[in-house]
file input.csv (CSV, C-alpha atoms and all ligand atoms)
chain,number,residue,atom,x,y,z
A,2,MET,CA,97.8,-58.8,-123.2
A,3,ALA,CA,101.0,-58.0,-121.5
A,4,VAL,CA,104.2,-60.0,-120.9
A,5,ASP,CA,105.4,-61.3,-117.6
A,6,GLU,CA,108.9,-60.2,-118.5
A,7,THR,CA,109.6,-57.3,-116.2
A,8,ARG,CA,110.8,-54.3,-118.0
A,9,GLU,CA,113.8,-52.6,-116.5
A,10,SER,CA,113.0,-49.1,-115.5
A,11,THR,CA,116.0,-47.8,-117.4
A,12,ASP,CA,114.6,-49.2,-120.6
A,13,ASN,CA,111.5,-47.2,-120.2
A,14,ASP,CA,110.1,-47.2,-123.7
A,15,ALA,CA,113.6,-46.4,-125.1
A,16,GLY,CA,114.2,-48.4,-128.3
A,17,LEU,CA,110.7,-49.8,-128.5
A,18,GLU,CA,108.7,-49.5,-131.7
A,19,THR,CA,105.1,-50.0,-132.6
A,20,GLY,CA,104.2,-52.0,-135.7
A,21,VAL,CA,101.6,-54.2,-137.4
A,22,VAL,CA,101.8,-58.0,-137.8
A,23,ILE,CA,101.7,-58.5,-141.6
A,24,ARG,CA,102.4,-62.2,-141.8
A,25,SER,CA,103.0,-65.2,-139.6
A,26,PRO,CA,104.6,-67.9,-141.7
A,27,GLY,CA,105.8,-70.0,-138.8
A,28,SER,CA,106.5,-69.6,-135.2
A,29,TRP,CA,107.6,-66.0,-135.8
A,30,TYR,CA,105.8,-62.9,-137.0
A,31,GLU,CA,106.7,-60.3,-139.6
A,32,VAL,CA,106.1,-56.9,-138.1
A,33,GLN,CA,106.0,-53.8,-140.2
A,34,VAL,CA,107.3,-50.6,-138.7
A,35,GLY,CA,107.1,-47.8,-141.2
A,36,SER,CA,108.9,-49.2,-144.2
A,37,ASP,CA,111.0,-51.7,-142.2
A,38,VAL,CA,110.0,-55.3,-141.6
A,39,TYR,CA,111.1,-57.2,-138.5
A,40,ARG,CA,111.1,-60.9,-138.0
A,41,ALA,CA,109.8,-61.0,-134.5
A,42,GLN,CA,109.3,-63.6,-131.8
A,43,ILE,CA,107.4,-63.7,-128.5
A,44,ARG,CA,109.7,-63.8,-125.5
A,45,GLY,CA,108.4,-64.4,-122.1
A,46,LYS,CA,105.0,-65.8,-121.3
A,47,PHE,CA,102.0,-64.0,-122.5
A,48,ARG,CA,99.1,-64.0,-120.2
A,49,LEU,CA,96.4,-66.1,-121.7
A,50,GLU,CA,93.2,-64.4,-122.8
A,51,GLU,CA,90.0,-65.6,-121.2
A,52,ARG,CA,89.0,-67.7,-124.1
A,53,LEU,CA,91.6,-69.7,-125.9
A,54,ALA,CA,92.6,-69.1,-129.5
A,55,THR,CA,94.9,-71.3,-131.5
A,56,ASN,CA,96.9,-68.2,-132.3
A,57,PRO,CA,97.5,-65.6,-129.5
A,58,ILE,CA,98.8,-63.1,-132.1
A,59,ALA,CA,97.1,-62.8,-135.4
A,60,VAL,CA,97.9,-60.8,-138.6
A,61,GLY,CA,96.6,-57.3,-138.2
A,62,ASP,CA,97.6,-57.1,-134.6
A,63,ARG,CA,99.3,-54.0,-133.4
A,64,VAL,CA,102.3,-54.9,-131.3
A,65,THR,CA,105.2,-53.2,-129.5
A,66,ILE,CA,108.5,-54.7,-130.4
A,67,ARG,CA,112.1,-54.4,-129.1
A,68,PRO,CA,114.4,-54.5,-132.1
A,69,GLU,CA,117.5,-56.5,-131.7
A,70,THR,CA,119.1,-56.1,-135.1
A,71,ASN,CA,118.0,-53.5,-137.7
A,72,PRO,CA,117.1,-54.3,-141.3
A,73,SER,CA,120.1,-53.8,-143.6
A,74,GLU,CA,120.8,-54.4,-147.2
A,75,SER,CA,122.2,-57.8,-146.6
A,76,ALA,CA,119.4,-58.8,-144.1
A,77,PRO,CA,116.3,-56.9,-145.2
A,78,HIS,CA,114.4,-58.1,-142.1
A,79,GLY,CA,115.7,-57.0,-138.7
A,80,SER,CA,115.0,-59.2,-135.7
A,81,ALA,CA,113.0,-58.2,-132.7
A,82,LEU,CA,111.0,-59.4,-129.7
A,83,ILE,CA,107.3,-58.8,-129.3
A,84,VAL,CA,106.8,-57.3,-125.8
A,85,GLU,CA,103.2,-56.3,-126.0
A,86,ILE,CA,100.0,-56.8,-128.0
A,87,HIS,CA,97.7,-53.9,-128.2
A,88,GLU,CA,94.0,-54.2,-127.6
A,89,ARG,CA,92.1,-55.1,-130.8
A,90,THR,CA,89.3,-53.0,-132.2
A,91,ASN,CA,87.8,-56.2,-133.6
A,92,LYS,CA,88.7,-59.6,-135.0
A,93,LEU,CA,87.3,-62.0,-137.5
A,94,THR,CA,87.4,-65.5,-136.2
A,95,ARG,CA,86.4,-69.0,-137.2
A,96,ARG,CA,86.3,-72.3,-135.4
A,97,ALA,CA,89.7,-73.9,-135.2
A,98,ALA,CA,90.3,-76.9,-137.3
A,99,GLY,CA,90.7,-80.3,-135.7
A,100,ARG,CA,89.3,-81.8,-132.6
A,101,ARG,CA,89.6,-79.0,-130.3
A,102,PRO,CA,86.0,-78.1,-129.6
A,103,GLY,CA,85.2,-74.4,-128.9
A,104,LEU,CA,88.7,-73.2,-129.8
A,105,GLU,CA,88.8,-70.2,-132.1
A,106,HIS,CA,91.2,-69.3,-134.8
A,107,VAL,CA,91.7,-65.5,-135.3
A,108,ILE,CA,91.8,-65.0,-139.1
A,109,VAL,CA,92.7,-61.3,-138.8
A,110,ALA,CA,92.5,-58.5,-136.2
A,111,ASN,CA,91.7,-54.8,-136.6
A,112,VAL,CA,89.8,-54.7,-139.9
A,113,ASP,CA,87.5,-52.0,-141.3
A,114,PHE,CA,85.7,-54.2,-143.8
A,115,ALA,CA,85.4,-57.9,-144.6
A,116,TRP,CA,84.5,-59.3,-148.0
A,117,ALA,CA,83.4,-62.9,-148.5
A,118,VAL,CA,84.5,-63.9,-152.0
A,119,GLN,CA,82.5,-66.5,-153.8
A,120,SER,CA,82.8,-67.6,-157.4
A,121,ILE,CA,79.7,-68.1,-159.4
A,122,LEU,CA,81.2,-71.4,-160.8
A,123,LEU,CA,84.3,-73.4,-160.1
A,124,PRO,CA,83.6,-73.7,-157.2
A,125,LYS,CA,79.9,-72.7,-157.3
A,126,LEU,CA,78.2,-70.2,-155.0
A,127,ASN,CA,77.7,-71.5,-151.5
A,128,PRO,CA,75.0,-69.5,-149.7
A,129,GLY,CA,75.6,-71.5,-146.5
A,130,PHE,CA,79.1,-70.2,-146.4
A,131,ILE,CA,77.9,-66.6,-147.0
A,132,ASP,CA,75.3,-66.8,-144.2
A,133,ARG,CA,77.9,-68.2,-141.7
A,134,PHE,CA,80.3,-65.5,-142.7
A,135,ILE,CA,77.7,-62.8,-142.2
A,136,VAL,CA,76.8,-64.1,-138.8
A,137,MET,CA,80.4,-63.9,-137.7
A,138,ALA,CA,80.9,-60.4,-139.2
A,139,GLU,CA,77.7,-59.2,-137.4
A,140,TYR,CA,78.8,-60.8,-134.2
A,141,HIS,CA,82.1,-59.1,-134.3
A,142,GLY,CA,80.7,-55.8,-135.5
A,143,ILE,CA,82.6,-55.8,-138.8
A,144,PRO,CA,81.0,-54.2,-141.8
A,145,ALA,CA,80.7,-56.9,-144.5
A,146,GLY,CA,80.0,-57.4,-148.2
A,147,LEU,CA,80.1,-60.1,-150.9
A,148,ILE,CA,82.1,-60.5,-154.0
A,149,PHE,CA,80.7,-62.8,-156.7
A,150,ASN,CA,83.8,-63.5,-158.8
A,151,LYS,CA,84.3,-65.2,-162.1
A,152,ALA,CA,81.4,-63.2,-163.6
A,153,ASP,CA,82.9,-64.2,-167.0
A,154,LEU,CA,81.6,-67.7,-166.4
A,155,LEU,CA,78.0,-66.5,-166.1
A,156,THR,CA,75.7,-68.4,-168.5
A,157,ASP,CA,71.9,-68.4,-168.8
A,158,PRO,CA,71.2,-71.5,-166.7
A,159,ILE,CA,72.7,-69.9,-163.6
A,160,ARG,CA,72.1,-66.2,-164.3
A,161,GLU,CA,68.7,-66.1,-162.6
A,162,ALA,CA,70.0,-67.8,-159.4
A,163,VAL,CA,73.0,-65.5,-159.2
A,164,GLU,CA,70.9,-62.4,-159.7
A,165,SER,CA,68.5,-63.4,-157.0
A,166,TYR,CA,71.3,-64.0,-154.5
A,167,ARG,CA,72.7,-60.6,-155.4
A,168,GLU,CA,69.3,-58.9,-154.9
A,169,LEU,CA,68.8,-60.8,-151.6
A,170,TYR,CA,72.0,-59.8,-150.0
A,171,GLN,CA,72.0,-56.2,-151.4
A,172,GLY,CA,68.4,-55.9,-150.0
A,173,LEU,CA,69.7,-56.9,-146.6
A,174,GLY,CA,72.3,-54.1,-146.8
A,175,TYR,CA,75.4,-56.0,-147.8
A,176,PRO,CA,77.1,-54.6,-150.9
A,177,VAL,CA,77.6,-57.2,-153.6
A,178,LEU,CA,80.3,-56.8,-156.3
A,179,MET,CA,80.3,-58.8,-159.5
A,180,THR,CA,83.8,-59.2,-160.6
A,181,SER,CA,86.0,-61.0,-163.1
A,182,THR,CA,89.8,-61.0,-163.0
A,183,LYS,CA,89.7,-62.2,-166.6
A,184,THR,CA,87.6,-59.4,-168.2
A,185,GLY,CA,88.3,-56.7,-165.6
A,186,GLU,CA,84.6,-56.4,-164.8
A,187,GLY,CA,84.0,-54.8,-161.4
A,188,ILE,CA,87.7,-54.4,-160.6
A,189,GLY,CA,87.4,-50.7,-160.6
A,190,ASP,CA,84.5,-51.0,-158.1
A,191,LEU,CA,86.6,-53.1,-155.9
A,192,GLN,CA,89.5,-50.6,-156.1
A,193,SER,CA,87.2,-47.8,-155.1
A,194,GLN,CA,86.0,-49.8,-152.1
A,195,LEU,CA,89.5,-50.1,-150.8
A,196,THR,CA,89.5,-46.6,-149.6
A,197,ARG,CA,88.0,-48.1,-146.5
A,198,LYS,CA,91.5,-48.6,-145.2
A,199,THR,CA,92.0,-52.2,-144.0
A,200,THR,CA,90.0,-54.7,-145.9
A,201,VAL,CA,90.1,-58.5,-145.8
A,202,LEU,CA,89.1,-61.0,-148.4
A,203,THR,CA,88.0,-64.4,-147.1
A,204,GLY,CA,86.3,-67.3,-148.8
A,205,PRO,CA,86.7,-70.9,-150.0
A,206,SER,CA,89.9,-72.0,-151.8
A,207,GLY,CA,89.9,-71.4,-155.6
A,208,VAL,CA,87.3,-68.6,-155.7
A,209,GLY,CA,89.9,-66.1,-156.7
A,210,LYS,CA,90.9,-64.1,-153.6
A,211,SER,CA,94.5,-63.8,-154.5
A,212,SER,CA,93.6,-63.2,-158.2
A,213,LEU,CA,91.5,-60.2,-157.0
A,214,ILE,CA,94.3,-58.9,-155.0
A,215,ASN,CA,96.5,-59.1,-158.1
A,216,ALA,CA,93.9,-57.4,-160.2
A,217,ALA,CA,93.5,-54.6,-157.7
A,218,ARG,CA,97.2,-54.3,-157.1
A,219,PRO,CA,99.0,-55.7,-160.2
A,220,ASP,CA,102.4,-54.9,-158.7
A,221,LEU,CA,102.0,-57.5,-155.9
A,222,GLN,CA,102.2,-60.7,-158.1
A,223,VAL,CA,100.6,-62.9,-155.4
A,224,ARG,CA,100.7,-66.6,-156.2
A,225,THR,CA,97.5,-68.2,-157.6
A,226,ALA,CA,96.7,-71.6,-159.1
A,227,GLU,CA,94.1,-73.5,-161.2
A,228,VAL,CA,91.1,-75.1,-159.5
A,229,SER,CA,91.3,-78.9,-159.8
A,230,SER,CA,89.4,-80.1,-162.8
A,231,ARG,CA,88.5,-83.4,-161.0
A,232,THR,CA,87.1,-82.0,-157.7
A,233,ARG,CA,86.3,-78.5,-159.0
A,234,LYS,CA,87.8,-77.2,-155.8
A,235,GLY,CA,90.7,-74.9,-155.1
A,236,ARG,CA,94.1,-76.3,-154.1
A,237,HIS,CA,94.7,-74.2,-151.0
A,238,ILE,CA,97.4,-72.2,-152.6
A,239,THR,CA,97.6,-69.3,-150.2
A,240,SER,CA,98.9,-70.8,-147.0
A,241,ASN,CA,99.3,-67.7,-144.8
A,242,ALA,CA,97.2,-64.6,-144.3
A,243,THR,CA,99.1,-61.6,-145.5
A,244,LEU,CA,98.7,-57.9,-145.2
A,245,TYR,CA,99.6,-55.9,-148.3
A,246,PRO,CA,100.1,-52.1,-147.6
A,247,LEU,CA,98.0,-49.8,-149.7
A,248,ASP,CA,99.3,-46.5,-151.1
A,249,ALA,CA,96.6,-44.5,-149.5
A,250,GLY,CA,97.3,-46.1,-146.1
A,251,GLY,CA,95.7,-49.2,-144.6
A,252,PHE,CA,96.1,-52.8,-145.9
A,253,LEU,CA,94.5,-55.3,-148.3
A,254,ILE,CA,94.5,-58.7,-146.7
A,255,ASP,CA,94.7,-62.1,-148.5
A,256,THR,CA,93.7,-65.2,-146.5
A,257,PRO,CA,93.9,-68.9,-147.1
A,258,GLY,CA,90.8,-70.7,-148.4
A,259,LEU,CA,88.4,-72.0,-145.8
A,260,ARG,CA,86.3,-75.1,-146.2
A,261,GLU,CA,83.5,-73.7,-144.1
A,262,PHE,CA,83.1,-70.7,-141.9
A,263,GLY,CA,82.8,-72.5,-138.6
A,264,ILE,CA,80.9,-70.6,-136.0
A,265,VAL,CA,82.4,-70.1,-132.5
A,266,ASP,CA,81.0,-68.4,-129.4
A,267,ILE,CA,77.5,-67.8,-130.5
A,268,THR,CA,74.6,-69.1,-128.4
A,269,PRO,CA,71.4,-70.5,-129.9
A,270,GLU,CA,69.5,-67.7,-128.1
A,271,GLU,CA,71.4,-64.9,-129.8
A,272,LEU,CA,71.8,-66.3,-133.2
A,273,ALA,CA,68.6,-64.8,-134.7
A,274,HIS,CA,69.9,-61.4,-133.9
A,275,TYR,CA,72.7,-61.8,-136.4
A,276,PHE,CA,70.2,-62.3,-139.2
A,277,VAL,CA,69.5,-58.6,-139.7
A,278,GLU,CA,66.1,-59.1,-141.4
A,279,PHE,CA,64.8,-61.1,-138.4
A,280,ARG,CA,65.4,-58.3,-135.9
A,281,PRO,CA,62.1,-56.4,-136.4
A,282,PHE,CA,60.2,-59.7,-135.6
A,283,LEU,CA,62.2,-60.9,-132.6
A,284,GLY,CA,59.9,-59.4,-129.9
A,285,GLU,CA,56.7,-60.5,-131.7
A,286,CYS,CA,56.7,-64.2,-131.2
A,287,ARG,CA,54.3,-65.8,-128.7
A,288,PHE,CA,57.1,-67.3,-126.6
A,289,PRO,CA,59.8,-64.9,-125.4
A,290,ASN,CA,62.4,-67.7,-125.7
A,291,CYS,CA,61.2,-68.7,-129.2
A,292,THR,CA,64.0,-70.2,-131.3
A,293,HIS,CA,61.9,-69.5,-134.5
A,294,ASP,CA,62.3,-73.2,-135.3
A,295,HIS,CA,59.0,-75.0,-134.8
A,296,GLU,CA,57.2,-72.9,-132.2
A,297,PRO,CA,53.5,-71.9,-132.8
A,298,ASP,CA,52.7,-68.3,-133.4
A,299,CYS,CA,56.3,-67.4,-134.3
A,300,ALA,CA,56.6,-64.0,-136.0
A,301,VAL,CA,59.8,-65.1,-138.0
A,302,ILE,CA,58.1,-68.2,-139.4
A,303,ARG,CA,55.0,-66.1,-140.3
A,304,ALA,CA,57.3,-63.6,-142.2
A,305,VAL,CA,58.6,-66.6,-144.1
A,306,GLU,CA,55.3,-68.3,-144.8
A,307,GLN,CA,53.7,-65.0,-146.0
A,308,GLY,CA,56.4,-64.9,-148.7
A,309,GLY,CA,58.3,-62.1,-147.0
A,310,PRO,CA,60.0,-60.0,-145.9
A,311,ILE,CA,62.1,-63.0,-144.7
A,312,ASP,CA,63.5,-65.2,-147.5
A,313,GLU,CA,62.9,-68.9,-146.9
A,314,GLU,CA,66.4,-69.8,-147.8
A,315,ARG,CA,67.8,-67.5,-145.2
A,316,TRP,CA,65.5,-69.0,-142.6
A,317,LEU,CA,66.6,-72.5,-143.6
A,318,SER,CA,70.2,-71.3,-143.3
A,319,TYR,CA,69.4,-70.0,-139.9
A,320,LEU,CA,68.0,-73.4,-138.8
A,321,ASN,CA,71.0,-75.1,-140.2
A,322,ILE,CA,73.4,-72.8,-138.2
A,323,LEU,CA,71.1,-73.1,-135.1
A,324,ALA,CA,71.5,-76.9,-135.2
A,325,SER,CA,75.3,-76.6,-135.4
A,326,VAL,CA,75.6,-74.0,-132.5
A,327,ARG,CA,73.3,-76.3,-130.4
A,328,HIS,CA,75.5,-79.3,-131.0
A,329,GLY,CA,78.7,-77.3,-130.7
A,330,ASP,CA,79.7,-78.5,-134.1
A,331,GLY,CA,79.8,-75.2,-135.9
A,332,ASP,CA,81.8,-77.1,-138.5
A,333,VAL,CA,85.5,-76.7,-139.1
A,334,GLY,CA,87.6,-74.3,-141.1
A,335,ARG,CA,90.7,-75.4,-142.8
B,401,LIG,N1,87.2,-67.7,-165.1
B,401,LIG,C1,87.8,-67.0,-164.1
B,401,LIG,N2,88.8,-67.6,-163.4
B,401,LIG,C2,89.3,-66.9,-162.3
B,401,LIG,C3,88.9,-65.6,-162.0
B,401,LIG,N3,89.6,-65.2,-160.9
B,401,LIG,C4,90.4,-66.2,-160.6
B,401,LIG,N4,90.3,-67.2,-161.5
B,401,LIG,C5,91.0,-68.5,-161.5
B,401,LIG,O1,90.7,-69.3,-160.3
B,401,LIG,C6,91.8,-70.0,-159.9
B,401,LIG,C7,92.0,-69.8,-158.4
B,401,LIG,O2,92.4,-68.5,-158.2
B,401,LIG,P1,93.2,-68.0,-156.8
B,401,LIG,O3,93.3,-66.6,-156.9
B,401,LIG,O4,94.4,-68.8,-156.7
B,401,LIG,O5,92.1,-68.5,-155.7
B,401,LIG,P2,92.2,-68.2,-154.1
B,401,LIG,O6,90.8,-67.9,-153.7
B,401,LIG,O7,93.2,-67.3,-153.8
B,401,LIG,O8,92.5,-69.7,-153.6
B,401,LIG,P3,93.3,-70.2,-152.3
B,401,LIG,O9,94.6,-69.4,-152.2
B,401,LIG,O10,93.6,-71.6,-152.5
B,401,LIG,O11,92.4,-69.9,-151.1
B,401,LIG,C8,92.9,-69.6,-160.8
B,401,LIG,O12,93.1,-70.5,-161.8
B,401,LIG,C9,92.5,-68.3,-161.3
B,401,LIG,O13,93.1,-68.0,-162.6
B,401,LIG,C10,87.8,-65.0,-162.8
B,401,LIG,O14,87.4,-63.9,-162.6
B,401,LIG,N5,87.3,-65.8,-163.8
B,402,MG,MG,94.9,-67.5,-152.6
B,403,ZN,ZN,59.9,-67.0,-133.2
call {"tool": "encode", "arguments": {"input": "input.csv", "output": "structure tokens"}}
result
Amino acid sequence: MAVDETRESTDNDAGLETGVVIRSPGSWYEVQVGSDVYRAQIRGKFRLEERLATNPIAVGDRVTIRPETNPSESAPHGSALIVEIHERTNKLTRRAAGRRPGLEHVIVANVDFAWAVQSILLPKLNPGFIDRFIVMAEYHGIPAGLIFNKADLLTDPIREAVESYRELYQGLGYPVLMTSTKTGEGIGDLQSQLTRKTTVLTGPSGVGKSSLINAARPDLQVRTAEVSSRTRKGRHITSNATLYPLDAGGFLIDTPGLREFGIVDITPEELAHYFVEFRPFLGECRFPNCTHDHEPDCAVIRAVEQGGPIDEERWLSYLNILASVRHGDGDVGR
């Protein structure tokens, strides 16, 4: 994207800086340039992208800014204008909330790895969320994994179910970490995964995303809060996605809790492709346009009915998402 604003030839890159959008708490953007942070605004009209997003600039975006005032001791944030958004390597998106069908919300741009955080209890594991998240990560080409947090709450009645989900997703090639910010279990594993440069944590409210960021980076003191004892849901404490710089370079990104991972942009025809274990069967169905739903002689359905290698729950999840992409109601995020 470029701006309409014509750049004077004399100004030719002089005084321009390149930075990363680390937060967007309102109609402005916090842009980090080295160790400085600017409070930046868009000036001039940005050309609209082909498809509309609710947020033309997302956290994680690389931008060129023109500083107006420099950071100082009395005003730690300088002010600046954003004059250009650099092309993204990728983005993680969800369906925009509200009644704006088809509009996407960019959760974060330019990430190297995305984790969906789930708690095993309070709130309980939500495989539907996981599968929608995986579909979006596969669609955008972002390597993904799962964090099962609150491992300290694991008791015998749910142990087997949690273990089987862990095996299922690990078997599909998605790393699964079991963590507890209360006992410290798995926090070392999480820290050693953060060498992957820029990592985002997403998931429902109250699962412990901010707590995990605090556990991995105790110096940050990110705000967290109790899950409601009445609804057993989180209280949407984190309200803005935020990039926290890591010592080794790159960022760790905290995001607000999502109610659902609403799917955008995916057609019913391509959906099966984002279920990795379906791929070997996709050319084997009797009908080339098979939707693996009800059709006779469907190789996917056969692989479910034979007891493998496709797990029935994943197929049911596929059918559920298929119905929502067909009806254009990929469900809403927050
Ligand atoms: N038992 C247990 N509680 C945890 C664990 N991790 C976090 N919690 C608690 O879960 C609650 C919610 O944690 P947060 O870190 O605020 O959750 P969040 O995912 O950031 O929620 P939002 O910002 O609303 O999206 C807090 O009361 C935490 O203390 C854990 O490993 N075990
Ligand atoms: Mg939070
Ligand atoms: Zn089929």
call {"tool": "residues_near_ligand", "arguments": {"input": "input.csv", "ligand": "ligand MG 402 (chain B)", "cutoff": "10 Å", "atoms": "only C-alpha atoms and all ligand atoms", "output": "list in words"}}
result
Leu202, Thr203, Gly204, Pro205, Ser206, Gly207, Val208, Gly209, Lys210, Ser211, Ser212, Leu213, Ile214, Val223, Arg224, Thr225, Ala226, Gly235, Arg236, His237, Ile238, Thr239, Ser240, Asn241, Ala242, Asp255, Thr256, Pro257 and Gly258 of chain A
call {"tool": "closest_residue", "arguments": {"input": "input.csv", "among": "A:Arg67, A:Arg218, A:Arg315, A:His293", "to": "ligand ZN 403 (chain B)", "atoms": "only C-alpha atoms and all ligand atoms"}}
result
A:His293
call {"tool": "residues_near_point", "arguments": {"input": "input.csv", "point": "(82.0, -65.8, -148.4)", "cutoff": "10 Å", "atoms": "only C-alpha atoms", "output": "VMD selection string"}}
result
chain A and resid 115 to 120 126 to 135 145 to 149 202 to 205 208 259 261 to 262
call {"tool": "residues_near_point", "arguments": {"input": "input.csv", "point": "(84.9, -55.5, -142.2)", "cutoff": "12 Å", "atoms": "all atoms listed in the file", "output": "tab-separated table (two decimals) with C-alpha atoms, in the coordinates of the input"}}
result
chain	number	residue	atom	x	y	z
A	90	THR	CA	89.30	-53.00	-132.20
A	91	ASN	CA	87.80	-56.20	-133.60
A	92	LYS	CA	88.70	-59.60	-135.00
A	93	LEU	CA	87.30	-62.00	-137.50
A	94	THR	CA	87.40	-65.50	-136.20
A	109	VAL	CA	92.70	-61.30	-138.80
A	110	ALA	CA	92.50	-58.50	-136.20
A	111	ASN	CA	91.70	-54.80	-136.60
A	112	VAL	CA	89.80	-54.70	-139.90
A	113	ASP	CA	87.50	-52.00	-141.30
A	114	PHE	CA	85.70	-54.20	-143.80
A	115	ALA	CA	85.40	-57.90	-144.60
A	116	TRP	CA	84.50	-59.30	-148.00
A	117	ALA	CA	83.40	-62.90	-148.50
A	134	PHE	CA	80.30	-65.50	-142.70
A	135	ILE	CA	77.70	-62.80	-142.20
A	137	MET	CA	80.40	-63.90	-137.70
A	138	ALA	CA	80.90	-60.40	-139.20
A	139	GLU	CA	77.70	-59.20	-137.40
A	140	TYR	CA	78.80	-60.80	-134.20
A	141	HIS	CA	82.10	-59.10	-134.30
A	142	GLY	CA	80.70	-55.80	-135.50
A	143	ILE	CA	82.60	-55.80	-138.80
A	144	PRO	CA	81.00	-54.20	-141.80
A	145	ALA	CA	80.70	-56.90	-144.50
A	146	GLY	CA	80.00	-57.40	-148.20
A	147	LEU	CA	80.10	-60.10	-150.90
A	175	TYR	CA	75.40	-56.00	-147.80
A	176	PRO	CA	77.10	-54.60	-150.90
A	194	GLN	CA	86.00	-49.80	-152.10
A	195	LEU	CA	89.50	-50.10	-150.80
A	197	ARG	CA	88.00	-48.10	-146.50
A	198	LYS	CA	91.50	-48.60	-145.20
A	199	THR	CA	92.00	-52.20	-144.00
A	200	THR	CA	90.00	-54.70	-145.90
A	201	VAL	CA	90.10	-58.50	-145.80
A	202	LEU	CA	89.10	-61.00	-148.40
A	203	THR	CA	88.00	-64.40	-147.10
A	253	LEU	CA	94.50	-55.30	-148.30
A	254	ILE	CA	94.50	-58.70	-146.70
call {"tool": "closest_atom_pairs", "arguments": {"input": "input.csv", "of": "chain A", "to": "ligand ZN 403 (chain B)", "cutoff": "7 Å", "atoms": "all atoms listed in the file", "output": "Markdown table"}}
result
| residue | atom | partner | partner_atom | distance |
| --- | --- | --- | --- | --- |
| A:Leu283 | CA | B:ZN403 | ZN | 6.5 |
| A:Cys286 | CA | B:ZN403 | ZN | 4.7 |
| A:Cys291 | CA | B:ZN403 | ZN | 4.5 |
| A:Thr292 | CA | B:ZN403 | ZN | 5.5 |
| A:His293 | CA | B:ZN403 | ZN | 3.5 |
| A:Asp294 | CA | B:ZN403 | ZN | 7.0 |
| A:Glu296 | CA | B:ZN403 | ZN | 6.6 |
| A:Cys299 | CA | B:ZN403 | ZN | 3.8 |
| A:Ala300 | CA | B:ZN403 | ZN | 5.3 |
| A:Val301 | CA | B:ZN403 | ZN | 5.2 |
| A:Ile302 | CA | B:ZN403 | ZN | 6.6 |
call {"tool": "build_atoms", "arguments": {"input": "input.csv", "residues": "segment 57-67 of chain A", "atoms": "N, CA, C and O atoms", "output": "mmCIF file, in the frame of the given file"}}
result
data_model
loop_
_atom_site.group_PDB
_atom_site.id
_atom_site.type_symbol
_atom_site.label_atom_id
_atom_site.label_comp_id
_atom_site.auth_asym_id
_atom_site.auth_seq_id
_atom_site.Cartn_x
_atom_site.Cartn_y
_atom_site.Cartn_z
ATOM 1 N N PRO A 57 97.636 -66.801 -130.450
ATOM 2 C CA PRO A 57 97.500 -65.600 -129.500
ATOM 3 C C PRO A 57 97.776 -64.319 -130.255
ATOM 4 O O PRO A 57 97.224 -63.291 -129.866
ATOM 5 N N ILE A 58 98.595 -64.343 -131.298
ATOM 6 C CA ILE A 58 98.800 -63.100 -132.100
ATOM 7 C C ILE A 58 98.387 -63.456 -133.512
ATOM 8 O O ILE A 58 98.734 -64.499 -134.058
ATOM 9 N N ALA A 59 97.590 -62.551 -134.093
ATOM 10 C CA ALA A 59 97.100 -62.800 -135.400
ATOM 11 C C ALA A 59 97.608 -61.694 -136.366
ATOM 12 O O ALA A 59 98.060 -60.642 -135.902
ATOM 13 N N VAL A 60 97.533 -61.927 -137.666
ATOM 14 C CA VAL A 60 97.900 -60.800 -138.600
ATOM 15 C C VAL A 60 96.895 -59.708 -138.360
ATOM 16 O O VAL A 60 95.730 -59.923 -138.043
ATOM 17 N N GLY A 61 97.414 -58.503 -138.500
ATOM 18 C CA GLY A 61 96.600 -57.300 -138.200
ATOM 19 C C GLY A 61 96.790 -56.791 -136.824
ATOM 20 O O GLY A 61 96.433 -55.647 -136.536
ATOM 21 N N ASP A 62 97.360 -57.616 -135.931
ATOM 22 C CA ASP A 62 97.600 -57.100 -134.600
ATOM 23 C C ASP A 62 98.606 -56.007 -134.531
ATOM 24 O O ASP A 62 99.602 -56.043 -135.240
ATOM 25 N N ARG A 63 98.320 -55.035 -133.685
ATOM 26 C CA ARG A 63 99.300 -54.000 -133.400
ATOM 27 C C ARG A 63 100.151 -54.485 -132.235
ATOM 28 O O ARG A 63 99.600 -54.962 -131.234
ATOM 29 N N VAL A 64 101.445 -54.390 -132.387
ATOM 30 C CA VAL A 64 102.300 -54.900 -131.300
ATOM 31 C C VAL A 64 103.444 -53.886 -131.046
ATOM 32 O O VAL A 64 103.805 -53.074 -131.905
ATOM 33 N N THR A 65 103.958 -53.966 -129.820
ATOM 34 C CA THR A 65 105.200 -53.200 -129.500
ATOM 35 C C THR A 65 106.327 -54.205 -129.553
ATOM 36 O O THR A 65 106.227 -55.317 -129.016
ATOM 37 N N ILE A 66 107.374 -53.815 -130.246
ATOM 38 C CA ILE A 66 108.500 -54.700 -130.400
ATOM 39 C C ILE A 66 109.791 -54.025 -129.846
ATOM 40 O O ILE A 66 109.886 -52.795 -129.793
ATOM 41 N N ARG A 67 110.738 -54.869 -129.463
ATOM 42 C CA ARG A 67 112.100 -54.400 -129.100
ATOM 43 C C ARG A 67 113.041 -54.882 -130.159
ATOM 44 O O ARG A 67 113.389 -56.068 -130.159
#
